[in-house]
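Trainee: This one is final.cif, mmCIF, C-alpha atoms.
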```
data_start
#
loop_
_atom_site.label_atom_id
_atom_site.label_comp_id
_atom_site.auth_asym_id
_atom_site.auth_seq_id
_atom_site.Cartn_x
_atom_site.Cartn_y
_atom_site.Cartn_z
CA MET A 12 111.28 129.58 133.69
CA SER A 13 110.93 127.44 136.77
CA GLN A 14 110.92 128.94 140.24
CA ALA A 15 114.29 127.36 141.09
CA THR A 16 115.90 128.72 137.93
CA LYS A 17 114.45 132.16 138.58
CA ARG A 18 115.76 132.12 142.16
CA LYS A 19 119.21 131.05 140.95
CA HIS A 20 119.42 133.97 138.51
CA VAL A 21 118.14 136.53 141.01
CA VAL A 22 120.60 135.37 143.70
CA LYS A 23 123.46 135.39 141.20
CA GLU A 24 122.55 138.94 140.15
CA VAL A 25 122.32 140.22 143.73
CA LEU A 26 125.55 138.63 144.97
CA GLY A 27 127.68 138.99 141.88
CA ASP A 28 127.02 142.43 140.43
CA PHE A 29 128.68 145.56 141.78
CA ILE A 30 126.57 148.53 140.76
CA THR A 31 127.05 152.27 140.65
CA PRO A 32 123.89 154.21 141.54
CA THR A 33 122.72 156.53 138.78
CA GLU A 34 121.95 160.18 139.47
CA ASN A 35 118.23 159.53 140.07
CA GLN A 36 118.86 156.47 142.31
CA GLN A 37 119.77 156.80 145.96
CA ILE A 38 121.10 154.59 148.76
CA VAL A 39 118.77 154.25 151.75
CA LYS A 40 118.75 152.25 154.99
CA VAL A 41 115.84 149.93 155.85
CA ILE A 42 114.48 150.80 159.30
CA GLY A 43 111.48 148.50 159.34
CA SER A 44 109.07 146.27 157.46
CA ARG A 45 105.48 147.42 157.09
CA GLY A 46 104.16 144.25 155.50
CA ASN A 47 102.78 143.58 152.00
CA ASN A 48 106.33 143.92 150.58
CA LEU A 49 106.66 147.50 151.83
CA HIS A 50 109.65 148.67 153.84
CA GLU A 51 110.22 151.91 155.73
CA THR A 52 113.55 153.52 154.86
CA ILE A 53 115.62 156.52 155.83
CA THR A 54 117.94 158.51 153.57
CA ALA A 55 121.36 159.84 154.51
CA GLN A 56 119.71 163.25 155.00
CA GLY A 57 117.18 161.83 157.49
CA GLU A 58 114.05 161.73 155.29
CA THR A 59 111.85 158.66 155.87
CA PHE A 60 109.50 157.08 153.32
CA LEU A 61 108.15 153.71 152.17
CA VAL A 62 109.67 151.64 149.38
CA SER A 63 108.20 148.62 147.63
CA MET A 64 109.97 145.36 146.87
CA PRO A 65 109.70 144.37 143.20
CA THR A 66 108.21 141.03 142.20
CA LYS A 67 111.56 139.49 141.19
CA PHE A 68 112.89 139.79 144.78
CA ARG A 69 109.76 138.53 146.56
CA LYS A 70 110.20 135.11 148.19
CA ASN A 71 113.73 134.95 146.75
CA ILE A 72 115.69 137.62 148.64
CA TRP A 73 115.04 138.79 152.19
CA ILE A 74 116.02 142.08 153.74
CA LYS A 75 115.97 143.08 157.38
CA ARG A 76 116.23 146.17 159.52
CA GLY A 77 119.59 147.86 159.06
CA ASP A 78 120.20 146.65 155.50
CA TYR A 79 121.04 149.13 152.78
CA VAL A 80 119.30 149.21 149.39
CA VAL A 81 119.46 151.23 146.18
CA VAL A 82 116.05 152.63 145.20
CA ASP A 83 114.50 154.13 142.07
CA PRO A 84 112.06 157.00 142.76
CA ILE A 85 108.37 156.70 141.89
CA GLU A 86 106.96 160.08 140.86
CA GLU A 87 103.25 159.29 141.31
CA GLY A 88 103.61 157.83 144.81
CA GLU A 89 102.33 159.67 147.87
CA LYS A 90 103.27 157.19 150.60
CA VAL A 91 105.36 154.74 148.59
CA LYS A 92 107.98 156.98 147.02
CA ALA A 93 110.48 154.44 145.62
CA GLU A 94 111.06 150.88 144.49
CA ILE A 95 114.03 148.73 145.49
CA SER A 96 116.34 148.17 142.53
CA PHE A 97 119.32 146.57 144.28
CA ILE A 98 120.13 145.15 147.73
CA LEU A 99 123.56 146.03 149.12
CA TYR A 100 125.59 143.50 151.10
CA LYS A 101 128.97 143.91 152.88
CA ASP A 102 131.04 143.52 149.73
CA HIS A 103 128.92 146.03 147.81
CA ILE A 104 129.15 148.58 150.63
CA GLN A 105 132.92 148.23 150.87
CA ASP A 106 133.21 148.65 147.09
CA LEU A 107 131.10 151.82 147.17
CA GLN A 108 133.17 153.20 150.05
CA LYS A 109 136.41 152.56 148.15
CA ARG A 110 135.02 154.40 145.12
CA GLN A 111 133.87 157.33 147.33
CA LEU A 112 130.19 156.79 146.36
CA TRP A 113 128.90 155.99 149.87
CA PRO A 114 126.64 158.74 151.31
CA GLN A 115 128.26 160.89 154.01
CA GLY A 116 125.18 160.56 156.25
CA PHE A 117 125.79 156.80 156.58
CA MET A 118 129.57 157.09 157.11
CA ALA A 119 129.17 157.48 160.89
CA GLU A 120 127.11 154.27 161.07
CA ARG A 121 129.43 152.13 158.93
CA PRO A 122 132.91 153.60 158.95
CA SER A 123 135.22 152.17 156.34
CA LEU A 124 137.95 150.01 157.77
CA ASP A 125 141.56 150.06 156.78
CA LYS A 126 142.99 146.78 155.46
CA ALA A 127 144.86 145.82 158.62
CA SER A 128 141.87 146.10 160.94
CA ARG A 129 139.63 144.38 158.36
CA LYS A 130 142.02 141.40 158.22
CA GLU A 131 142.12 141.20 162.03
CA GLU A 132 138.32 141.20 162.23
CA ASP A 133 138.07 138.52 159.53
CA GLU A 134 140.57 136.32 161.38
CA GLU A 135 138.67 136.73 164.65
CA LYS A 136 135.39 135.84 162.95
CA GLU A 137 136.93 132.76 161.36
CA GLU A 138 138.27 131.60 164.72
CA GLU A 139 134.86 132.09 166.35
CA GLU A 140 132.88 130.47 163.56
CA GLY A 141 135.26 127.59 162.93
CA ASP A 142 134.97 125.91 159.55
CA SER A 143 131.94 127.65 158.10
CA GLU A 144 131.00 126.47 154.62
CA ASP A 145 128.87 129.50 153.72
CA ASP A 146 130.09 133.00 154.60
CA SER A 147 127.20 134.70 152.82
CA ASP A 148 124.64 136.70 154.79
CA LEU A 149 122.03 135.67 152.28
CA PHE A 150 121.08 132.16 153.41
CA VAL A 151 121.65 132.23 157.16
CA ASN A 152 118.59 130.95 158.99
CA THR A 153 118.91 131.78 162.68
CA ASN A 154 115.64 130.05 163.56
CA ARG A 155 117.12 126.57 163.21
CA CYS A 156 119.42 124.86 165.67
CA ASN A 157 122.82 123.76 164.43
CA TYR A 158 123.15 120.06 165.19
CA GLN A 159 126.53 118.39 165.49
CA TYR A 160 126.57 114.93 163.94
CA SER A 161 129.47 112.53 164.32
CA GLU A 162 130.58 111.07 161.01
CA SER A 163 132.44 108.03 162.29
CA GLU A 164 130.63 104.75 162.79
CA GLU A 165 133.18 103.62 165.36
CA ASP A 166 132.00 106.25 167.82
CA ASP A 167 128.40 105.08 167.42
CA SER A 168 129.26 101.39 167.93
CA GLU A 169 131.39 102.17 171.01
CA GLU A 170 128.54 104.18 172.52
CA GLU A 171 126.11 101.33 171.87
CA GLU A 172 128.48 98.81 173.55
CA GLU A 173 128.87 101.07 176.60
CA GLU A 174 125.08 101.45 176.80
CA GLU A 175 124.63 97.68 176.66
CA GLU A 176 127.24 97.15 179.41
CA ARG A 177 125.53 99.69 181.68
CA THR A 178 122.06 98.18 181.22
CA GLY A 179 123.28 94.57 181.32
CA ASN A 180 121.60 93.71 178.04
CA GLY A 181 124.86 92.54 176.43
CA SER A 182 124.81 89.35 174.39
#
```
Represent the structure contained in this file as structure tokens.
Mentor:
Amino acid sequence: MSQATKRKHVVKEVLGDFITPTENQQIVKVIGSRGNNLHETITAQGETFLVSMPTKFRKNIWIKRGDYVVVDPIEEGEKVKAEISFILYKDHIQDLQKRQLWPQGFMAERPSLDKASRKEEDEEKEEEEGDSEDDSDLFVNTNRCNYQYSESEEDDSEEEEEEEERTGNGS
């Protein structure tokens, strides 16, 4: 399988599937990256430990401080006590909150919103962002500037004519 095909399937799995954590899995919050695909996490009860990112997510999916993940415990680990099995995004968190599966320790940090206030926030975000093509948190690169290009050729030709008139290089 090519790298692009693999990435497509991993992204589709992460964004599309709504999971229910099993009894041995738990939801944790990422509080920092320690490098070498290790992340420091905290549970709803306040216990901190390291988790590893599996090979299928490496260089395909990125997580940052404050994200929530579902982890599978590793029995033989001393420092690294779990492995990430699923990355939770806004839609996943809201689904877990609706089904009353969200840990009580994280409820204070991310309170569930009633439908009216959620709609108001979405409308405010849409007004601020304008016509955004991609609403996903997955592919947002904040390190690049957003350039505004004009699509009409008339604007470009008018600007060129004005430039020529100012410089006196008109034909």
Trainee: With all atoms listed in the file as the basis for distance, which of A:Arg76, A:Ile38, A:Ser96, A:Ile104 is at the shortest distance from Met64 in chain A?
Mentor: A:Ser96
Trainee: Would you list the residues near (111.2, 156.4, 153.2), meaning any protein, DNA or RNA residue with an atom at most 9 Å from that point in file coordinates, counting all atoms listed in the file, as a PyMOL selection string?
Mentor: chain A and resi 39-42+50-54+58-62+90-93
Trainee: Can you tell me how far CA of Arg155 in chain A sits from CA of Ile95 in chain A, in Å to one decimal?
Mentor: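 Computing it gives 28.5 Å between the two atoms.
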Trainee: Take the PyMOL selection byres ((chain A and resi 99) around 8), run it mentally on this structure, and tell me the resulting residues as a VMD selection string.
Mentor: chain A and resid 78 to 81 97 to 98 100 to 104
Trainee: Can you give me, as a ChimeraX atom specification, the residues this file yields under the PyMOL selection byres ((chain A and resi 31) around 10)?
Mentor: /A:28-30,32-34,36,81,103,106-107,110,112
Trainee: Identify, on the basis of only C-alpha atoms, every residue whose closest approach to Gln56 in chain A does not exceed 10 Å; exclude the query and any residue fewer than 5 positions from it along the same chain; express the result as an MDAnalysis selection string.
Mentor: chainID A and resid 39 114:117
Trainee: Restricting the calculation to only C-alpha atoms, which member of A:Asn71, A:Gly77, A:Gly27, A:Ser13 is positioned closest to Ser44 in chain A?
Mentor: A:Gly77
Trainee: Just the number, please: distance in Å from CA of Pro84 in chain A to CA of Pro65 in chain A, one decimal.
Mentor: 12.9 Å
Trainee: Quick one: pull the distance between CA of Asn48 in chain A and CA of Ser63 in chain A, Å, one decimal.
Mentor: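 Taking CA of Asn48 in chain A and CA of Ser63 in chain A, their separation equals 5.9 Å.
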Trainee: Write range 75-86 of chain A as a short mmCIF file (atom, residue, chain, number, x, y, z; two decimals), keeping the file's coordinate frame, completed to all heavy atoms.
Mentor:
```
data_model
loop_
_atom_site.label_atom_id
_atom_site.label_comp_id
_atom_site.auth_asym_id
_atom_site.auth_seq_id
_atom_site.Cartn_x
_atom_site.Cartn_y
_atom_site.Cartn_z
N LYS A 75 116.35 142.87 155.99
CA LYS A 75 115.97 143.08 157.38
C LYS A 75 116.33 144.49 157.80
O LYS A 75 116.96 145.23 157.05
CB LYS A 75 116.66 142.05 158.27
CG LYS A 75 118.17 142.10 158.24
CD LYS A 75 118.76 140.96 159.05
CE LYS A 75 120.25 141.00 159.10
NZ LYS A 75 120.93 140.91 157.84
N ARG A 76 115.91 144.86 158.98
CA ARG A 76 116.23 146.17 159.52
C ARG A 76 117.73 146.39 159.53
O ARG A 76 118.48 145.52 159.94
CB ARG A 76 115.69 146.23 160.95
CG ARG A 76 115.03 147.48 161.34
CD ARG A 76 114.54 147.38 162.77
NE ARG A 76 114.68 146.03 163.31
CZ ARG A 76 113.79 145.42 164.06
NH1 ARG A 76 112.72 146.02 164.41
NH2 ARG A 76 114.00 144.20 164.48
N GLY A 77 118.17 147.55 159.07
CA GLY A 77 119.59 147.86 159.06
C GLY A 77 120.28 147.59 157.74
O GLY A 77 121.42 148.00 157.55
N ASP A 78 119.61 146.89 156.81
CA ASP A 78 120.20 146.65 155.50
C ASP A 78 120.13 147.92 154.66
O ASP A 78 119.28 148.78 154.88
CB ASP A 78 119.46 145.53 154.76
CG ASP A 78 119.80 144.15 155.30
OD1 ASP A 78 120.76 144.04 156.08
OD2 ASP A 78 119.11 143.19 154.93
N TYR A 79 121.01 147.99 153.68
CA TYR A 79 121.04 149.13 152.78
C TYR A 79 120.60 148.68 151.40
O TYR A 79 120.95 147.58 150.95
CB TYR A 79 122.45 149.72 152.70
CG TYR A 79 122.88 150.36 153.99
CD1 TYR A 79 123.57 149.63 154.95
CD2 TYR A 79 122.59 151.68 154.26
CE1 TYR A 79 123.96 150.21 156.14
CE2 TYR A 79 122.98 152.27 155.45
CZ TYR A 79 123.67 151.53 156.38
OH TYR A 79 124.04 152.11 157.55
N VAL A 80 119.81 149.53 150.71
CA VAL A 80 119.30 149.21 149.39
C VAL A 80 119.43 150.43 148.47
O VAL A 80 119.50 151.56 148.95
CB VAL A 80 117.83 148.75 149.43
CG1 VAL A 80 117.68 147.44 150.17
CG2 VAL A 80 116.94 149.79 150.06
N VAL A 81 119.49 150.16 147.18
CA VAL A 81 119.46 151.23 146.18
C VAL A 81 118.03 151.28 145.65
O VAL A 81 117.45 150.24 145.32
CB VAL A 81 120.45 150.93 145.03
CG1 VAL A 81 120.35 151.98 143.95
CG2 VAL A 81 121.86 150.85 145.56
N VAL A 82 117.45 152.48 145.61
CA VAL A 82 116.05 152.63 145.20
C VAL A 82 115.93 153.56 144.00
O VAL A 82 116.71 154.48 143.81
CB VAL A 82 115.17 153.15 146.36
CG1 VAL A 82 115.11 152.15 147.48
CG2 VAL A 82 115.65 154.48 146.87
N ASP A 83 114.90 153.27 143.18
CA ASP A 83 114.50 154.13 142.07
C ASP A 83 113.27 154.90 142.52
O ASP A 83 112.31 154.32 143.03
CB ASP A 83 114.13 153.31 140.84
CG ASP A 83 115.33 152.68 140.18
OD1 ASP A 83 116.35 153.38 140.06
OD2 ASP A 83 115.24 151.50 139.79
N PRO A 84 113.23 156.21 142.33
CA PRO A 84 112.06 157.00 142.76
C PRO A 84 110.83 156.70 141.92
O PRO A 84 110.92 156.37 140.74
CB PRO A 84 112.52 158.45 142.58
CG PRO A 84 113.63 158.39 141.60
CD PRO A 84 114.27 157.05 141.73
N ILE A 85 109.66 156.81 142.56
CA ILE A 85 108.37 156.70 141.89
C ILE A 85 107.72 158.07 141.98
O ILE A 85 107.43 158.55 143.08
CB ILE A 85 107.48 155.62 142.56
CG1 ILE A 85 108.15 154.25 142.53
CG2 ILE A 85 106.12 155.57 141.88
CD1 ILE A 85 107.39 153.18 143.29
N GLU A 86 107.48 158.71 140.84
CA GLU A 86 106.96 160.08 140.86
C GLU A 86 105.52 160.17 141.36
O GLU A 86 105.15 161.08 142.08
CB GLU A 86 107.04 160.71 139.45
CG GLU A 86 108.43 161.04 139.00
CD GLU A 86 109.17 159.84 138.42
OE1 GLU A 86 108.50 158.86 138.02
OE2 GLU A 86 110.40 159.88 138.40
#
```
